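Since the structure comes first, as structure tokens, the remarks are kept for the end.
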Amino acid sequence: MANTTPLPDTTTRALRWPIRLTRLGMLAERVLRGFWPLFSIIFLVAALLMMGVQDELAVEAVWAIAVASFGGALYAVYYGIRSFIWPTWDEALDRLDQTLPGRPIAAITDTQAIGSQDPASQAVWDAHIDRMAERAKSAKPVQPDLTIARRDPFALRYVALLAFVTALIFGSVLRVASVTQMTPGMADQLATGPAWEGWVEPPAYTGAPSLYLNDITNDAFRVPEGSRLTLRLYGEVGALTVSETVSGRTEDVGSAADINQEFEVTKSGTLSIDGQGGRSWNIVMVPDSAPSVSLSSNMESEADGQMQQRFLATDDFGVVGGTATINIDLVNVDRRHGLVVDPDPREPIVLDAPMPISGNRAEFEETLIENLSEHPFANLPVTLQIEVEDALGQTGQTALAEVTLPGRRFFDPLAKSVIEQRRDLLWSKSNAPRVAQILRTVSHRPEDIYRSETAYLRTRMIIRRLEAFAAYGFGDEEQEEITQALWDLAILLEDGSLSDALERLRRAQDQLSEAMRDGASDEEIAELMQELREAMQDYMRQLAEQSDPQDGQQSAENMQEITGDQLQDMMDRIQELMEQGRMAEAQQLLDQLNQMMENMRVTQGQQGQQGQQSPGEQAMEGLAETLREQQGLSDEAFRDLQEQFNPNAQAGESAQNEGRSGGQGRGQEHTQQGQGQGQGEQQGEGQQPGQQQGSGQGQAQNQQDGQGGPGSQADTLADRQQALRDELSRQQGSMPGAGTPEGDAAREALGRAGEAMDNAEEALRQNDLAEAIDNQSAAMEALREGMRNLGDQMAQQQQQQGQGEQGDQFGQNAPSQRDPLGREQGNSGGQLGTEQGLLQDEDVYRRARDLLDEIRRRSGETERPEVERDYLRRLLDRF
């Protein structure tokens, strides 16, 4: 064992400051552990006083809180004094020693108990003491442990501290003095301090700061309109009074001596606090101007009926919202035909005006974008007025603008007539008999005007339902149903099923010619021109898919080659002439383009008839025939579904069909129409007339044999559907291109078509015609997809053959290296590609503007998910 000895002087001097700082930290620990309840009470009471709680409570409650706080403070002082122990030098030295490895300070104070007489042992002990002394000199002050979570498990000290910090930010130290007026005998001391307080709080939308009246030394100051004035009077009631002329109050005016007074500034005037220590000011109110809005351009419209109206809005503090109201302008309506009768009452159109997502709304320009093509006001004179509102509730409106509400443009004459009757029916329900009569007249000779039997059948169904509604009651729901059916019919007549690229090209040319004759806007002409370009590309791709490299090689010497660049230049020239207003020259050039494409189609058809069909062409021809037969089955099922809803119309319908087709039955008429379509497509696909005619006659015979009762008719359709499914299975087994991605995709699509046909057959046997029609539509869509994939596989095969021929004929241009229009192939898109840009600069700018307007419109739709709207805002901020 060793006895303790004092530390050497050198060691004591080295450890003086670490020991003192450690002792100071121990003092902080013990003060905090002993007096934290006292500090919490002090912080909490100060926070309550600075927040003015004493001004809101009764005097008795304030005194009760004061007594409780004083008693709690006394107990906290007693608890702290009782638990506090002053830290000594030895305690600090021991804590410092505990942080050092080997406790060198305790080792230095030890004495050698054994071997002190032995020189060797003494030498070892001295070396040990020297080593411990050096280690002790590296001591650092010990950080205090200020955690008292075990003594305050509910964190009451943090509650008090948070309340104190909040009072420092939102409260006022001057409010602490208000508690003195509740103390007896302190009335004389009020004269020496503030006896009143006041605040001016401007409206939040102004962004102006609040004002503390006690700090305002000027005689006058300015405040925004609608600012709220709050005054508090302390002391004896009646010693101070308030007089003001800024609120304009005439009712509910309290006493001038009320200790709490609040009112709004509605005009300029004076504010006075009368009494000892009072003040007066001249308050100048800054009025809030009403917002203003104006139309910055004329209304623009797109070909699909989408309108665009730009407007400019301004306000001194910012616009918060707005609406656009569109109402019918009866004065300027041409009251002829179906518009002669008085219109049904209809509410005006109210649209939300778009607002900037970010930035300042004091002055901005936005675009109102909306598509109202299906609204009853479409294509009629209307009045437009945009109204904006500021945060104060003030509004500003534009002058009533007399415009024609844009609607979708229809170029097909039959579609135009249907849309006109839809307009008349929306104008007044009393037009229902007249609309039915006109539709029946228009559809009297359907073979001359209808391109699709489906469109004709829809027209007949609309007529029957319209006449039934007119006879038994025509309400709002019936009106909505019929007008929606008329709209869908017009879209079908206008667009149709443009699967054939040539038909689409002709339609695009006709629409462009119609737009030039009607004086369409530049935006509509640009959209129609873009549609013509796309139709031209589809048509050239179809010609390339149907072309035979050998036929092209044989006729190349006799054909005048037309390059894709020449066609592109011709369309660019047409667009340039239209933009310059030279419509006659543009129409002449468009006719030349049409004649050129007709000549090219005839030449291509002759080439296809000269050559022998490849396996891919034969498979494509068979699939086309299957698709036509499936379309015929779907049309018959749709007609039978209509007859189920109106059995009495079956006999009349059959009689009309008989008179229209020269005494032939319904099924035979349908077969003749399908046969005519097949012969039309035969010219483009190289089909044999004998095959097509035989198929048509077989289909006619099946239809004639199935005209029995409803049950026998459904069974006949189901049998024919089953036979068509078996034929598809045979075609699928002999499909070329096995092992290629395109061939496998075609087989997969035909597999889906077969499954849909099986489902359609089952539905037909159960007499569920609606379900059968849905499955037949799915089968036709899958067949079209399979044909597209097969066409891609054939094009890929032709490209590979062309590359082989090019390798055999070094230095010569192989015929397969150009498409039927003479365009050079691209390097990245296969045989059908081109490396030249097809979009001109003006089209790029127009499309970029359209995309930006669409993004801005969608970002303002509150029903969209917040994630999508946030993404759209980021796009607007970037571009």
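Lettering and numbering for the structure tokens are positional, with chains as A, B, ... in the shown order, residues counted from 1 in each chain, and ligands counted from 1 in the shown order.
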
Exercise. Excluding stretch 124-127 of chain A and any residue of its chain fewer than 4 positions from it, enumerate the residues within 10 Å of it, using only C-alpha atoms, and give them as a PyMOL selection string.
Key: chain A and resi 108+111-112+115-116+119-120+131-133

Okay, now the selection with N, CA, C and O atoms, as a short mmCIF file (atom, residue, chain, number, x, y, z; two decimals), in the first residue's frame?
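The file below, result_15.cif, is the result:
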```
data_model
loop_
_atom_site.label_atom_id
_atom_site.label_comp_id
_atom_site.auth_asym_id
_atom_site.auth_seq_id
_atom_site.Cartn_x
_atom_site.Cartn_y
_atom_site.Cartn_z
N ILE A 108 1.00 10.17 -8.60
CA ILE A 108 2.02 11.12 -8.14
C ILE A 108 1.91 11.34 -6.65
O ILE A 108 2.91 11.50 -5.93
N THR A 111 3.02 7.28 -2.11
CA THR A 111 4.40 7.09 -1.61
C THR A 111 4.72 5.60 -1.65
O THR A 111 3.83 4.75 -1.54
N GLN A 112 6.00 5.31 -1.80
CA GLN A 112 6.44 3.93 -1.89
C GLN A 112 6.35 3.27 -0.52
O GLN A 112 6.91 3.74 0.46
N GLY A 115 10.24 -1.43 -0.23
CA GLY A 115 11.46 -1.30 -1.01
C GLY A 115 12.02 0.09 -1.06
O GLY A 115 12.82 0.39 -1.94
N SER A 116 11.62 0.93 -0.10
CA SER A 116 12.14 2.30 -0.12
C SER A 116 13.62 2.36 0.24
O SER A 116 14.30 3.34 -0.07
N PRO A 119 18.09 0.78 -3.30
CA PRO A 119 18.35 1.82 -4.33
C PRO A 119 17.72 1.45 -5.67
O PRO A 119 17.19 2.32 -6.36
N ALA A 120 17.76 0.20 -6.05
CA ALA A 120 17.20 -0.18 -7.35
C ALA A 120 15.67 0.02 -7.37
O ALA A 120 15.09 0.54 -8.32
N ARG A 131 7.25 9.55 -15.10
CA ARG A 131 6.38 9.23 -16.25
C ARG A 131 4.95 9.69 -15.99
O ARG A 131 4.28 10.25 -16.87
N MET A 132 4.44 9.51 -14.77
CA MET A 132 3.08 9.95 -14.45
C MET A 132 2.96 11.47 -14.44
O MET A 132 1.92 12.03 -14.81
N ALA A 133 4.05 12.15 -14.04
CA ALA A 133 4.02 13.62 -14.04
C ALA A 133 3.92 14.16 -15.46
O ALA A 133 3.20 15.13 -15.73
#
```

Quiz prompt | Surrounding residues of A:Asp792 excluding itself and chain neighbours under 5 positions, 9 Å, only C-alpha atoms, as a list in words | solution = Glu545, Glu742, Gly743, Met787 and Gln797 of chain A

Output N, CA and C atoms of each residue in that selection to a file, as a PDB file, in the first residue's frame.
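Writing done, so here's out-v7.pdb:
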```pdb
ATOM      1  N   GLU A 545     -44.165  -0.386 -99.421  1.00  0.00           N
ATOM      2  CA  GLU A 545     -44.412  -1.732 -98.925  1.00  0.00           C
ATOM      3  C   GLU A 545     -44.988  -2.638-100.006  1.00  0.00           C
ATOM      4  N   GLU A 742     -40.493  -8.997 -86.387  1.00  0.00           N
ATOM      5  CA  GLU A 742     -41.747  -8.517 -86.960  1.00  0.00           C
ATOM      6  C   GLU A 742     -42.717  -9.675 -87.198  1.00  0.00           C
ATOM      7  N   GLY A 743     -42.178 -10.818 -87.696  1.00  0.00           N
ATOM      8  CA  GLY A 743     -43.047 -11.965 -87.929  1.00  0.00           C
ATOM      9  C   GLY A 743     -43.643 -12.517 -86.654  1.00  0.00           C
ATOM     10  N   MET A 787     -51.376  -6.989 -89.518  1.00  0.00           N
ATOM     11  CA  MET A 787     -51.045  -6.576 -90.879  1.00  0.00           C
ATOM     12  C   MET A 787     -49.936  -5.543 -90.894  1.00  0.00           C
ATOM     13  N   GLN A 797     -37.502  -7.416 -95.323  1.00  0.00           N
ATOM     14  CA  GLN A 797     -37.011  -8.419 -96.263  1.00  0.00           C
ATOM     15  C   GLN A 797     -36.612  -7.770 -97.582  1.00  0.00           C
TER      16      GLN A 797
END
```

Exercise. Quick one: everything within 12 Å of A:Arg458, counting only C-alpha atoms, minus sequence neighbours fewer than 2 positions away in the same chain. Send it as a list in words.
Key: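 Listing them by chain and then by number gives Val418, Leu439, Ser443, Tyr450, Ser452, Glu453, Thr454, Ala455, Tyr456, Arg460, Met461, Ile462, Ile463, Arg464, Arg465, Ile482, Ala485, Leu486, Trp487, Asp488, Leu489, Ala490, Leu492, Leu493, Asp635, Phe638, Arg639, Leu641 and Gln642 of chain A.
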
Quiz item: Rounded to one decimal in Å, what is the spacing between atom CA of A:Phe410 and atom CA of A:Ile449?
Solution: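 Spanning atom CA of A:Phe410 to atom CA of A:Ile449 is a straight-line distance of 15.5 Å.
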
Exercise. Give the strand (DSSP E) residues of stretch 170-303 of chain A, as DSSP finds them on the backbone, and put them as a PyMOL selection string.
Key: chain A and resi 196-201+211-212+220-224+228-233+241-244+260-264+269-274+280-286+292-295+300-301

Quiz item: Mind pulling up the distance from atom CA of A:Asp390 to atom CA of A:Val320?
Solution: 5.2 Å

Quiz item: Do you know which residues are at most 10 Å from A:Ser301 counting only C-alpha atoms, after dropping those on the same chain fewer than 5 positions away, and could you put them as a list in words?
Solution: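 Here the qualifying residues turn out to be Gln306, Met307, Gln308, Gln309, Ile369, Glu370, Asn371, Leu405, Pro406, Gly407, Arg408, Ala520, Ser521, Asp522, Glu523 and Glu524 of chain A.
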
Self-check item: Residue with smallest distance to A:Ala139 - pool A:Pro101, A:Gly248, A:Pro376, A:Pro615, counting only C-alpha atoms
Solution: A:Pro101

Quiz item: Mind checking DSSP for stretch 138-311 of chain A and telling me the alpha helix (DSSP H) residues as an NGL selection string?
Solution: :A and (156-170)
